[in-house]
>>> print(open('input29.tsv').read())   # TSV, C-alpha atoms
chain	number	residue	atom	x	y	z
A	1	MET	CA	7.53	-12.91	7.08
A	2	ASP	CA	6.93	-16.63	6.71
A	3	GLU	CA	3.80	-16.53	8.85
A	4	PHE	CA	1.94	-14.52	6.25
A	5	GLN	CA	2.14	-17.18	3.65
A	6	SER	CA	0.68	-19.93	5.74
A	7	GLY	CA	-2.57	-18.08	6.34
A	8	GLU	CA	-4.70	-16.29	3.77
A	9	GLU	CA	-4.05	-15.81	0.08
A	10	THR	CA	-1.08	-13.49	-0.15
A	11	SER	CA	-0.33	-13.37	-3.80
A	12	PHE	CA	-1.56	-10.90	-6.33
A	13	VAL	CA	-4.89	-12.19	-7.64
A	14	VAL	CA	-5.35	-10.70	-11.07
A	15	GLU	CA	-9.05	-11.40	-11.46
A	16	GLU	CA	-10.06	-9.83	-8.21
A	17	VAL	CA	-8.06	-6.71	-8.91
A	18	SER	CA	-9.37	-6.48	-12.45
A	19	ASN	CA	-12.95	-6.54	-11.20
A	20	ILE	CA	-12.20	-3.80	-8.72
A	21	MET	CA	-10.78	-1.63	-11.47
A	22	LYS	CA	-13.69	-2.20	-13.83
A	23	GLU	CA	-16.16	-1.20	-11.17
A	24	ALA	CA	-14.20	1.94	-10.37
A	25	ILE	CA	-14.08	2.99	-14.03
A	26	GLU	CA	-17.76	2.35	-14.56
A	27	SER	CA	-18.80	4.35	-11.58
A	28	ALA	CA	-16.51	7.27	-12.29
A	29	ILE	CA	-16.86	7.77	-16.04
A	30	GLY	CA	-19.52	5.23	-16.98
A	31	GLY	CA	-21.84	7.07	-19.28
A	32	ASN	CA	-19.94	10.31	-19.78
A	33	ALA	CA	-18.57	11.93	-22.87
A	34	TYR	CA	-15.06	13.39	-22.91
A	35	GLN	CA	-14.87	16.78	-21.25
A	36	HIS	CA	-11.55	18.44	-20.80
A	37	SER	CA	-12.61	20.24	-17.67
A	38	LYS	CA	-13.67	17.08	-15.94
A	39	VAL	CA	-10.84	14.75	-16.93
A	40	ASN	CA	-8.71	15.67	-13.98
A	41	GLN	CA	-11.50	14.84	-11.61
A	42	TRP	CA	-12.26	11.58	-13.39
A	43	THR	CA	-8.73	10.26	-13.32
A	44	THR	CA	-8.45	11.14	-9.66
A	45	SER	CA	-11.67	9.42	-8.74
A	46	VAL	CA	-10.90	6.26	-10.72
A	47	VAL	CA	-7.51	5.97	-9.12
A	48	GLU	CA	-8.69	6.76	-5.62
A	49	GLN	CA	-11.56	4.38	-5.75
A	50	THR	CA	-9.39	1.56	-7.07
A	51	LEU	CA	-6.77	2.17	-4.45
A	52	SER	CA	-9.21	2.26	-1.58
A	53	GLN	CA	-10.83	-0.98	-2.71
A	54	LEU	CA	-7.43	-2.61	-3.02
A	55	THR	CA	-6.51	-1.47	0.47
A	56	LYS	CA	-9.66	-3.04	1.80
A	57	LEU	CA	-8.41	-6.42	0.63
A	58	GLY	CA	-6.02	-6.22	3.52
A	59	LYS	CA	-3.09	-7.96	1.88
A	60	PRO	CA	0.56	-7.15	2.69
A	61	PHE	CA	1.13	-5.27	-0.56
A	62	LYS	CA	2.21	-1.85	-1.71
A	63	TYR	CA	0.09	-0.70	-4.65
A	64	ILE	CA	0.63	1.60	-7.60
A	65	VAL	CA	-2.43	2.48	-9.65
A	66	THR	CA	-2.07	4.42	-12.91
A	67	CYS	CA	-4.86	5.75	-15.06
A	68	VAL	CA	-4.66	7.23	-18.56
A	69	ILE	CA	-7.65	8.89	-20.16
A	70	MET	CA	-7.35	9.94	-23.77
A	71	GLN	CA	-9.79	11.62	-26.05
A	72	LYS	CA	-10.68	9.68	-29.16
A	73	ASN	CA	-9.35	11.65	-32.06
A	74	GLY	CA	-7.81	9.11	-34.36
A	75	ALA	CA	-4.40	9.23	-32.72
A	76	GLY	CA	-2.66	6.10	-31.53
A	77	LEU	CA	-1.39	5.39	-28.03
A	78	HIS	CA	1.04	2.75	-26.83
A	79	THR	CA	1.82	1.95	-23.23
A	80	ALA	CA	4.60	-0.23	-21.89
A	81	SER	CA	5.86	-0.99	-18.45
A	82	SER	CA	8.78	-2.87	-17.05
A	83	CYS	CA	9.30	-3.75	-13.44
A	84	PHE	CA	12.13	-4.83	-11.24
A	85	TRP	CA	10.44	-7.00	-8.65
A	86	ASP	CA	9.98	-10.47	-7.32
A	87	ASN	CA	8.20	-12.59	-9.89
A	88	THR	CA	6.81	-15.03	-7.42
A	89	SER	CA	4.97	-12.61	-5.18
A	90	ASP	CA	4.33	-9.44	-7.21
A	91	GLY	CA	1.93	-8.87	-10.06
A	92	ASN	CA	0.10	-6.36	-12.16
A	93	CYS	CA	-3.16	-6.03	-13.95
A	94	THR	CA	-4.28	-3.69	-16.74
A	95	VAL	CA	-7.81	-2.89	-17.83
A	96	ARG	CA	-8.67	-1.14	-21.09
A	97	TRP	CA	-12.01	0.56	-21.36
A	98	GLU	CA	-13.52	2.77	-24.01
A	99	ASN	CA	-16.66	4.51	-25.03
A	100	LYS	CA	-17.54	6.64	-28.03
A	101	THR	CA	-15.43	9.63	-27.05
A	102	MET	CA	-12.53	8.43	-24.99
A	103	TYR	CA	-10.17	5.61	-24.04
A	104	CYS	CA	-9.29	4.74	-20.48
A	105	ILE	CA	-6.42	2.49	-19.45
A	106	VAL	CA	-5.96	1.62	-15.80
A	107	SER	CA	-3.03	-0.40	-14.47
A	108	ALA	CA	-2.54	-1.67	-10.97
A	109	PHE	CA	0.79	-3.01	-9.70
A	110	GLY	CA	1.02	-4.88	-6.43
A	111	LEU	CA	4.39	-5.41	-4.77
A	112	ALA	CA	4.72	-7.64	-1.75
A	113	ILE	CA	6.43	-6.25	1.27
B	114	ILE	CA	27.18	-39.38	14.34
B	115	PRO	CA	26.60	-35.90	13.04
B	116	ARG	CA	28.02	-37.11	9.78
B	117	ALA	CA	25.43	-39.84	9.68
B	118	THR	CA	22.60	-37.39	10.07
B	119	ARG	CA	24.08	-35.20	7.44
B	120	LEU	CA	24.13	-38.12	5.09
B	121	ARG	CA	20.50	-38.82	5.80
B	122	ALA	CA	19.63	-35.22	5.27
B	123	GLY	CA	20.72	-35.00	1.75
B	124	SER	CA	24.13	-33.74	0.87
B	125	LEU	CA	24.83	-37.37	0.90
B	126	SER	CA	27.00	-39.10	-1.56
B	127	THR	CA	29.64	-36.47	-1.78
B	128	HIS	CA	30.30	-36.61	1.92
B	129	ARG	CA	30.61	-40.32	1.83
B	130	ARG	CA	32.92	-40.13	-1.09
B	131	SER	CA	34.97	-37.47	0.52
B	132	HIS	CA	35.73	-39.73	3.36
B	133	SER	CA	36.52	-42.90	1.47
B	134	VAL	CA	38.11	-41.45	-1.64
B	135	ASP	CA	39.93	-38.28	-0.90
B	136	ASN	CA	40.67	-37.08	-4.36
B	137	PRO	CA	37.57	-35.80	-6.14
B	138	PRO	CA	36.15	-33.32	-3.64
B	139	ARG	CA	39.56	-32.42	-2.43
B	140	PRO	CA	39.71	-29.18	-4.43
B	141	LEU	CA	36.71	-27.98	-2.46
B	142	MET	CA	38.17	-28.88	0.83
B	143	ARG	CA	41.44	-27.41	-0.20
B	144	LEU	CA	39.73	-24.14	-0.95
B	145	LYS	CA	38.33	-24.17	2.47
B	146	SER	CA	41.67	-24.98	3.99
B	147	ILE	CA	43.39	-22.21	2.05
B	148	GLU	CA	41.18	-19.90	3.97
B	149	GLU	CA	41.83	-21.44	7.28
B	150	GLY	CA	45.39	-22.56	6.77
B	151	LYS	CA	44.73	-26.09	7.90
B	152	PRO	CA	45.14	-29.44	6.07
B	153	PRO	CA	41.96	-30.81	4.53
B	154	SER	CA	40.43	-33.59	6.56
B	155	LEU	CA	36.95	-33.65	7.99
B	156	HIS	CA	37.84	-33.87	11.60
B	157	SER	CA	40.48	-31.20	11.65
B	158	ARG	CA	38.30	-28.94	9.52
B	159	ARG	CA	35.65	-28.93	12.10
B	160	SER	CA	38.03	-28.16	14.86
B	161	SER	CA	39.64	-25.36	12.91
B	162	VAL	CA	36.27	-23.76	12.31
B	163	MET	CA	35.54	-23.92	15.99
B	164	SER	CA	38.82	-22.37	17.01
B	165	ILE	CA	39.05	-19.39	14.69
B	166	THR	CA	37.00	-16.54	16.00
B	167	ASN	CA	38.52	-13.39	14.62
B	168	ALA	CA	37.98	-13.42	10.87
B	169	PRO	CA	34.37	-12.45	10.25
B	170	PHE	CA	33.75	-14.99	7.52
B	171	THR	CA	34.90	-17.96	9.48
B	172	SER	CA	33.15	-16.76	12.58
B	173	ARG	CA	29.94	-16.75	10.60
B	174	ARG	CA	30.59	-20.31	9.63
B	175	ASN	CA	31.45	-20.94	13.20
B	176	SER	CA	27.97	-19.95	14.18
B	177	VAL	CA	26.58	-22.18	11.45
B	178	SER	CA	28.47	-25.12	12.81
B	179	MET	CA	27.37	-24.26	16.30
B	180	ALA	CA	23.80	-24.12	15.18
B	181	MET	CA	24.24	-27.42	13.45
B	182	GLY	CA	25.80	-28.86	16.56
B	183	GLY	CA	22.75	-27.78	18.49
B	184	ARG	CA	20.27	-29.01	15.91
B	185	ARG	CA	22.06	-32.12	14.97
B	186	LEU	CA	19.01	-34.19	14.39
B	187	SER	CA	16.97	-31.71	12.40
B	188	ILE	CA	16.92	-32.03	8.68
B	189	GLY	CA	18.09	-28.80	7.11
B	190	PRO	CA	19.80	-29.94	3.98
B	191	TRP	CA	20.56	-26.48	2.69
B	192	MET	CA	22.76	-25.83	5.65
B	193	HIS	CA	24.59	-29.07	5.20
B	194	SER	CA	25.38	-28.31	1.63
B	195	GLY	CA	26.62	-24.96	2.89
B	196	ARG	CA	29.22	-26.89	4.78
B	197	VAL	CA	30.33	-28.72	1.68
B	198	SER	CA	31.32	-25.65	-0.24
B	199	PHE	CA	33.06	-22.88	1.61
B	200	SER	CA	31.13	-20.15	-0.10
B	201	GLY	CA	27.82	-21.48	1.13
B	202	LEU	CA	26.45	-22.18	-2.31
B	203	PRO	CA	24.53	-25.44	-2.61
B	204	LEU	CA	26.89	-26.90	-5.14
B	205	PHE	CA	25.75	-30.46	-4.86
B	206	GLN	CA	22.08	-29.67	-4.78
B	207	PRO	CA	21.71	-27.24	-7.61
B	208	ILE	CA	17.91	-27.44	-7.59
B	209	ARG	CA	17.48	-26.16	-4.07
B	210	GLU	CA	16.89	-22.45	-3.64
B	211	THR	CA	18.73	-20.48	-1.00
B	212	GLN	CA	16.57	-19.51	1.91
B	213	TYR	CA	17.11	-15.99	3.03
B	214	GLU	CA	16.64	-15.15	6.62
B	215	ASN	CA	14.78	-12.12	7.76
B	216	THR	CA	17.07	-9.13	8.06
B	217	TYR	CA	14.62	-7.12	10.19
B	218	LYS	CA	15.45	-4.04	8.21
B	219	THR	CA	12.39	-1.87	7.88
B	220	ARG	CA	13.91	1.22	6.35
B	221	PRO	CA	16.81	2.04	4.05
B	222	ASP	CA	20.15	3.21	5.42
B	223	GLU	CA	20.90	6.89	5.87
B	224	GLY	CA	21.42	8.56	2.54
B	225	CYS	CA	20.26	5.51	0.67
B	226	LYS	CA	16.79	6.59	-0.34
B	227	PHE	CA	15.31	6.65	-3.81
B	228	ASN	CA	16.45	9.93	-5.28
B	229	ALA	CA	13.53	11.35	-7.22
B	230	CYS	CA	15.47	14.30	-8.65
B	231	ARG	CA	18.22	12.19	-10.10
B	232	ALA	CA	15.68	9.74	-11.40
B	233	GLN	CA	13.82	12.51	-13.18
B	234	GLN	CA	16.99	13.80	-14.78
B	235	ALA	CA	17.88	10.31	-15.92
B	236	LEU	CA	14.40	9.88	-17.39
B	237	GLU	CA	14.56	13.15	-19.28
B	238	SER	CA	17.96	12.44	-20.73
B	239	THR	CA	16.98	8.92	-21.73
B	240	LEU	CA	13.83	10.11	-23.44
B	241	THR	CA	15.55	12.86	-25.41
B	242	SER	CA	18.41	10.67	-26.48
B	243	TYR	CA	16.23	7.74	-27.49
B	244	LEU	CA	13.35	9.59	-29.08
B	245	GLY	CA	15.09	12.74	-30.34
B	246	ASP	CA	14.04	12.48	-33.94
B	247	ALA	CA	11.67	9.56	-33.90
B	248	LYS	CA	8.51	9.62	-35.94
B	249	TYR	CA	5.33	7.97	-34.80
B	250	ASN	CA	4.72	4.76	-36.68
B	251	PRO	CA	1.67	2.68	-35.75
B	252	VAL	CA	3.44	-0.58	-36.49
B	253	THR	CA	6.72	-0.07	-34.68
B	254	SER	CA	5.75	2.26	-31.87
B	255	GLY	CA	4.57	-0.59	-29.71
B	256	GLN	CA	8.02	-2.14	-29.80
B	257	LEU	CA	9.55	1.28	-29.30
B	258	ALA	CA	7.57	1.83	-26.13
B	259	GLN	CA	8.53	-1.58	-24.79
B	260	SER	CA	12.23	-1.21	-25.47
B	261	LEU	CA	12.21	2.29	-24.05
B	262	SER	CA	10.60	1.04	-20.89
B	263	GLU	CA	13.23	-1.67	-20.49
B	264	LEU	CA	16.02	0.76	-21.19
B	265	ILE	CA	14.69	3.13	-18.55
B	266	ARG	CA	14.40	0.31	-16.07
B	267	SER	CA	17.99	-0.77	-16.57
B	268	ARG	CA	19.28	2.80	-16.36
B	269	LEU	CA	17.32	3.45	-13.22
B	270	LYS	CA	18.48	0.21	-11.69
B	271	ASP	CA	22.02	1.50	-11.73
B	272	LEU	CA	20.93	4.64	-9.95
B	273	THR	CA	18.69	3.20	-7.28
B	274	PRO	CA	20.07	2.02	-3.95
B	275	PRO	CA	19.72	-1.66	-3.05
B	276	ARG	CA	16.49	-3.18	-1.71
B	277	TYR	CA	14.33	-1.03	-3.98
B	278	LYS	CA	11.74	-2.40	-6.37
B	279	LEU	CA	11.07	-0.41	-9.51
B	280	VAL	CA	7.97	0.02	-11.63
B	281	CYS	CA	8.54	1.90	-14.90
B	282	ASN	CA	5.70	2.99	-17.16
B	283	VAL	CA	5.98	4.50	-20.60
B	284	PHE	CA	3.09	6.07	-22.52
B	285	LEU	CA	3.87	6.76	-26.13
B	286	GLY	CA	1.37	8.29	-28.49
B	287	GLN	CA	0.86	10.09	-31.71
B	288	GLN	CA	0.80	13.83	-31.53
B	289	GLY	CA	-2.63	14.83	-32.76
B	290	GLN	CA	-5.11	17.37	-31.62
B	291	GLN	CA	-6.22	15.30	-28.68
B	292	SER	CA	-5.59	15.70	-25.02
B	293	LEU	CA	-4.35	13.08	-22.62
B	294	GLN	CA	-4.31	12.83	-18.85
B	295	VAL	CA	-2.12	10.45	-16.88
B	296	ALA	CA	-2.77	10.02	-13.17
B	297	SER	CA	-1.29	7.69	-10.64
B	298	ARG	CA	-1.77	7.08	-6.98
B	299	CYS	CA	0.08	4.79	-4.65
B	300	LEU	CA	-0.28	3.04	-1.37
B	301	TRP	CA	3.25	3.19	-0.07
B	302	ASP	CA	5.51	4.37	2.67
B	303	PRO	CA	5.94	8.11	2.06
B	304	GLU	CA	9.23	8.30	3.89
B	305	ASN	CA	11.05	5.74	1.81
B	306	ASP	CA	9.22	5.51	-1.50
B	307	SER	CA	9.02	7.96	-4.32
B	308	VAL	CA	8.06	8.57	-7.92
B	309	ALA	CA	9.65	10.47	-10.81
B	310	SER	CA	8.20	11.32	-14.20
B	311	ALA	CA	9.24	13.06	-17.39
B	312	THR	CA	7.57	14.07	-20.64
B	313	PHE	CA	8.96	14.37	-24.10
B	314	VAL	CA	7.22	15.93	-27.06
B	315	ASN	CA	8.25	16.33	-30.67
B	316	ALA	CA	6.35	17.06	-33.85
B	317	SER	CA	4.89	13.63	-34.38
B	318	LEU	CA	4.82	11.93	-31.02
B	319	PHE	CA	4.73	12.44	-27.29
B	320	ALA	CA	6.03	10.22	-24.54
B	321	VAL	CA	5.41	10.17	-20.81
B	322	ALA	CA	7.64	8.06	-18.58
B	323	THR	CA	7.09	7.43	-14.87
B	324	VAL	CA	9.17	5.48	-12.41
B	325	HIS	CA	8.10	4.41	-8.93
B	326	GLY	CA	10.70	3.25	-6.44
B	327	LEU	CA	9.38	1.20	-3.53
B	328	TYR	CA	11.47	0.00	-0.63
B	329	PHE	CA	11.39	-3.72	-0.10
B	330	GLU	CA	11.35	-4.52	3.60
>>> encode(input="input29.tsv", output="structure tokens")
Amino acid sequence: MDEFQSGEETSFVVEEVSNIMKEAIESAIGGNAYQHSKVNQWTTSVVEQTLSQLTKLGKPFKYIVTCVIMQKNGAGLHTASSCFWDNTSDGNCTVRWENKTMYCIVSAFGLAI
Amino acid sequence: IPRATRLRAGSLSTHRRSHSVDNPPRPLMRLKSIEEGKPPSLHSRRSSVMSITNAPFTSRRNSVSMAMGGRRLSIGPWMHSGRVSFSGLPLFQPIRETQYENTYKTRPDEGCKFNACRAQQALESTLTSYLGDAKYNPVTSGQLAQSLSELIRSRLKDLTPPRYKLVCNVFLGQQGQQSLQVASRCLWDPENDSVASATFVNASLFAVATVHGLYFE
């Protein structure tokens, strides 16, 4: 396990992951208005795209990607997460995105193996 | 000679003191000797460690001393301080972190996997008990979500087997006429890792809680 650390960057780089997520959101739901029939498909594609891009980074991590899409109707939403992990090697990143009709919150957690 | 290298390595002054002035570190050495049943003195301690082979704890230390005998000149201060205190804790070097060796364990033991069913039941019961009558309040619900997430994590920690990392998410929102979709996907080991989720709804709020359990190799 020690050999990994001497080579490439093997910690969770928040900026890189955040960019990946923003791109995935833009491409999946970029200019669309909320449509109940399509939400399922949108969440799936955001999550899948993010996950495949993260996998391409090739780091020794297990990933969890969560996406919440909510219609804008005046209601409030709070999200919280707590994790039992190793603070030195693991990390997470959350991106909030909105347009006129909906909110989208995507979180990615990376846990070192 | 080995003592000299040990001094150079770093668990220094206490060793020196232990030899010249017997009293202060004596309690430590006595603890060690209680285990081995031998009088506390450096030379005899070493020989007693070498001779006892049956008790598992002392045989482990035996291998440590053997390793040290083999690598006498290498500087591994954490091992030396392991010799000072019988329990292996670096008492005299409190800043140094313990180095864990690789256990080469790639999967959990039999019957020790993350139990998604039990986790889901625990989630449901926690949500109902904590949120039973709660009303959505834009000011306090943020705190509510956070404390709920921590509560879930601590409850789940008691249920999960060792070597599992947990990620708990809580989504708490006002019950309006809107719709909400939560999706999650993971890159994990499907044999050992799992996820559990539960939903709670009352008149003024809804809550979705998910827990992922990932095996740490």
>>> atom_distance(input="input29.tsv", atom1="atom CA of A:Asn92", atom2="atom CA of A:Ala33")
28.2 Å
>>> atom_distance(input="input29.tsv", atom1="atom CA of B:Lys278", atom2="atom CA of B:Gly326")
5.7 Å
>>> atom_distance(input="input29.tsv", atom1="atom CA of B:Ala316", atom2="atom CA of A:Thr44")
29.0 Å
>>> closest_atom_pairs(input="input29.tsv", of="chain A", to="chain B", cutoff="10 Å", atoms="all atoms listed in the file", output="tab-separated table")
residue	atom	partner	partner_atom	distance
A:Met1	CA	B:Asn215	CA	7.3
A:Asp2	CA	B:Asn215	CA	9.1
A:Tyr34	CA	B:Ser292	CA	10.0
A:His36	CA	B:Ser292	CA	7.8
A:Val39	CA	B:Gln294	CA	7.1
A:Asn40	CA	B:Gln294	CA	7.2
A:Trp42	CA	B:Ala296	CA	9.6
A:Thr43	CA	B:Ala296	CA	6.0
A:Thr44	CA	B:Ala296	CA	6.8
A:Ser45	CA	B:Ala296	CA	10.0
A:Val46	CA	B:Ala296	CA	9.3
A:Val47	CA	B:Arg298	CA	6.2
A:Glu48	CA	B:Arg298	CA	7.1
A:Thr50	CA	B:Arg298	CA	9.4
A:Leu51	CA	B:Leu300	CA	7.2
A:Ser52	CA	B:Leu300	CA	9.0
A:Leu54	CA	B:Leu300	CA	9.3
A:Thr55	CA	B:Leu300	CA	7.9
A:Phe61	CA	B:Leu300	CA	8.5
A:Lys62	CA	B:Trp301	CA	5.4
A:Tyr63	CA	B:Leu300	CA	5.0
A:Ile64	CA	B:Cys299	CA	4.4
A:Val65	CA	B:Arg298	CA	5.4
A:Thr66	CA	B:Ser297	CA	4.1
A:Cys67	CA	B:Ala296	CA	5.1
A:Val68	CA	B:Val295	CA	4.4
A:Ile69	CA	B:Gln294	CA	5.3
A:Met70	CA	B:Leu293	CA	4.5
A:Gln71	CA	B:Gln291	CA	5.8
A:Lys72	CA	B:Gln291	CA	7.2
A:Asn73	CA	B:Gln291	CA	5.9
A:Gly74	CA	B:Gly289	CA	7.9
A:Ala75	CA	B:Gln287	CA	5.4
A:Gly76	CA	B:Gln287	CA	5.3
A:Leu77	CA	B:Gly286	CA	4.0
A:His78	CA	B:Leu285	CA	5.0
A:Thr79	CA	B:Phe284	CA	4.4
A:Ala80	CA	B:Gln259	CA	5.1
A:Ser81	CA	B:Asn282	CA	4.2
A:Ser82	CA	B:Cys281	CA	5.2
A:Cys83	CA	B:Val280	CA	4.4
A:Phe84	CA	B:Leu279	CA	4.9
A:Trp85	CA	B:Lys278	CA	5.3
A:Asp86	CA	B:Lys278	CA	8.3
A:Met102	CA	B:Leu293	CA	9.7
A:Tyr103	CA	B:Leu293	CA	9.6
A:Cys104	CA	B:Gln294	CA	9.6
A:Ile105	CA	B:Val295	CA	9.4
A:Val106	CA	B:Ser297	CA	9.2
A:Ser107	CA	B:Ser297	CA	9.1
A:Ala108	CA	B:Cys299	CA	9.4
A:Phe109	CA	B:Val280	CA	8.0
A:Gly110	CA	B:Leu300	CA	9.5
A:Leu111	CA	B:Lys278	CA	8.1
A:Ala112	CA	B:Phe329	CA	7.9
A:Ile113	CA	B:Glu330	CA	5.7
>>> write_last_selection(input="input29.tsv", atoms="C-alpha atoms", output="PDB file, keeping the file's coordinate frame")
ATOM      1  CA  MET A   1       7.530 -12.910   7.080  1.00  0.00           C
ATOM      2  CA  ASP A   2       6.930 -16.630   6.710  1.00  0.00           C
ATOM      3  CA  TYR A  34     -15.060  13.390 -22.910  1.00  0.00           C
ATOM      4  CA  HIS A  36     -11.550  18.440 -20.800  1.00  0.00           C
ATOM      5  CA  VAL A  39     -10.840  14.750 -16.930  1.00  0.00           C
ATOM      6  CA  ASN A  40      -8.710  15.670 -13.980  1.00  0.00           C
ATOM      7  CA  TRP A  42     -12.260  11.580 -13.390  1.00  0.00           C
ATOM      8  CA  THR A  43      -8.730  10.260 -13.320  1.00  0.00           C
ATOM      9  CA  THR A  44      -8.450  11.140  -9.660  1.00  0.00           C
ATOM     10  CA  SER A  45     -11.670   9.420  -8.740  1.00  0.00           C
ATOM     11  CA  VAL A  46     -10.900   6.260 -10.720  1.00  0.00           C
ATOM     12  CA  VAL A  47      -7.510   5.970  -9.120  1.00  0.00           C
ATOM     13  CA  GLU A  48      -8.690   6.760  -5.620  1.00  0.00           C
ATOM     14  CA  THR A  50      -9.390   1.560  -7.070  1.00  0.00           C
ATOM     15  CA  LEU A  51      -6.770   2.170  -4.450  1.00  0.00           C
ATOM     16  CA  SER A  52      -9.210   2.260  -1.580  1.00  0.00           C
ATOM     17  CA  LEU A  54      -7.430  -2.610  -3.020  1.00  0.00           C
ATOM     18  CA  THR A  55      -6.510  -1.470   0.470  1.00  0.00           C
ATOM     19  CA  PHE A  61       1.130  -5.270  -0.560  1.00  0.00           C
ATOM     20  CA  LYS A  62       2.210  -1.850  -1.710  1.00  0.00           C
ATOM     21  CA  TYR A  63       0.090  -0.700  -4.650  1.00  0.00           C
ATOM     22  CA  ILE A  64       0.630   1.600  -7.600  1.00  0.00           C
ATOM     23  CA  VAL A  65      -2.430   2.480  -9.650  1.00  0.00           C
ATOM     24  CA  THR A  66      -2.070   4.420 -12.910  1.00  0.00           C
ATOM     25  CA  CYS A  67      -4.860   5.750 -15.060  1.00  0.00           C
ATOM     26  CA  VAL A  68      -4.660   7.230 -18.560  1.00  0.00           C
ATOM     27  CA  ILE A  69      -7.650   8.890 -20.160  1.00  0.00           C
ATOM     28  CA  MET A  70      -7.350   9.940 -23.770  1.00  0.00           C
ATOM     29  CA  GLN A  71      -9.790  11.620 -26.050  1.00  0.00           C
ATOM     30  CA  LYS A  72     -10.680   9.680 -29.160  1.00  0.00           C
ATOM     31  CA  ASN A  73      -9.350  11.650 -32.060  1.00  0.00           C
ATOM     32  CA  GLY A  74      -7.810   9.110 -34.360  1.00  0.00           C
ATOM     33  CA  ALA A  75      -4.400   9.230 -32.720  1.00  0.00           C
ATOM     34  CA  GLY A  76      -2.660   6.100 -31.530  1.00  0.00           C
ATOM     35  CA  LEU A  77      -1.390   5.390 -28.030  1.00  0.00           C
ATOM     36  CA  HIS A  78       1.040   2.750 -26.830  1.00  0.00           C
ATOM     37  CA  THR A  79       1.820   1.950 -23.230  1.00  0.00           C
ATOM     38  CA  ALA A  80       4.600  -0.230 -21.890  1.00  0.00           C
ATOM     39  CA  SER A  81       5.860  -0.990 -18.450  1.00  0.00           C
ATOM     40  CA  SER A  82       8.780  -2.870 -17.050  1.00  0.00           C
ATOM     41  CA  CYS A  83       9.300  -3.750 -13.440  1.00  0.00           C
ATOM     42  CA  PHE A  84      12.130  -4.830 -11.240  1.00  0.00           C
ATOM     43  CA  TRP A  85      10.440  -7.000  -8.650  1.00  0.00           C
ATOM     44  CA  ASP A  86       9.980 -10.470  -7.320  1.00  0.00           C
ATOM     45  CA  MET A 102     -12.530   8.430 -24.990  1.00  0.00           C
ATOM     46  CA  TYR A 103     -10.170   5.610 -24.040  1.00  0.00           C
ATOM     47  CA  CYS A 104      -9.290   4.740 -20.480  1.00  0.00           C
ATOM     48  CA  ILE A 105      -6.420   2.490 -19.450  1.00  0.00           C
ATOM     49  CA  VAL A 106      -5.960   1.620 -15.800  1.00  0.00           C
ATOM     50  CA  SER A 107      -3.030  -0.400 -14.470  1.00  0.00           C
ATOM     51  CA  ALA A 108      -2.540  -1.670 -10.970  1.00  0.00           C
ATOM     52  CA  PHE A 109       0.790  -3.010  -9.700  1.00  0.00           C
ATOM     53  CA  GLY A 110       1.020  -4.880  -6.430  1.00  0.00           C
ATOM     54  CA  LEU A 111       4.390  -5.410  -4.770  1.00  0.00           C
ATOM     55  CA  ALA A 112       4.720  -7.640  -1.750  1.00  0.00           C
ATOM     56  CA  ILE A 113       6.430  -6.250   1.270  1.00  0.00           C
TER      57      ILE A 113
END
>>> axis_aligned_box(input="input29.tsv", around="stretch 40-59 of chain A", padding_each_side="4 Å", output="lines of an AutoDock Vina configuration file")
center_x = -7.7
center_y = 3.9
center_z = -5.2
size_x = 17.2
size_y = 31.6
size_z = 25.5
>>> closest_residue(input="input29.tsv", among="A:Thr101, A:Arg96, A:Asp90, A:Gln41", to="A:Met21", atoms="only C-alpha atoms")
A:Arg96
>>> residues_near_point(input="input29.tsv", point="(11.9, 4.4, 0.5)", cutoff="6 Å", atoms="only C-alpha atoms", output="mmCIF file with C-alpha atoms, in the coordinates of the input")
data_model
loop_
_atom_site.group_PDB
_atom_site.id
_atom_site.type_symbol
_atom_site.label_atom_id
_atom_site.label_comp_id
_atom_site.auth_asym_id
_atom_site.auth_seq_id
_atom_site.Cartn_x
_atom_site.Cartn_y
_atom_site.Cartn_z
ATOM 1 C CA LYS B 226 16.790 6.590 -0.340
ATOM 2 C CA PHE B 227 15.310 6.650 -3.810
ATOM 3 C CA GLU B 304 9.230 8.300 3.890
ATOM 4 C CA ASN B 305 11.050 5.740 1.810
ATOM 5 C CA ASP B 306 9.220 5.510 -1.500
ATOM 6 C CA LEU B 327 9.380 1.200 -3.530
ATOM 7 C CA TYR B 328 11.470 0.000 -0.630
#
>>> closest_residue(input="input29.tsv", among="A:Asn87, A:Thr10, A:Asn19, A:Glu98", to="A:Gln53", atoms="all atoms listed in the file")
A:Asn19
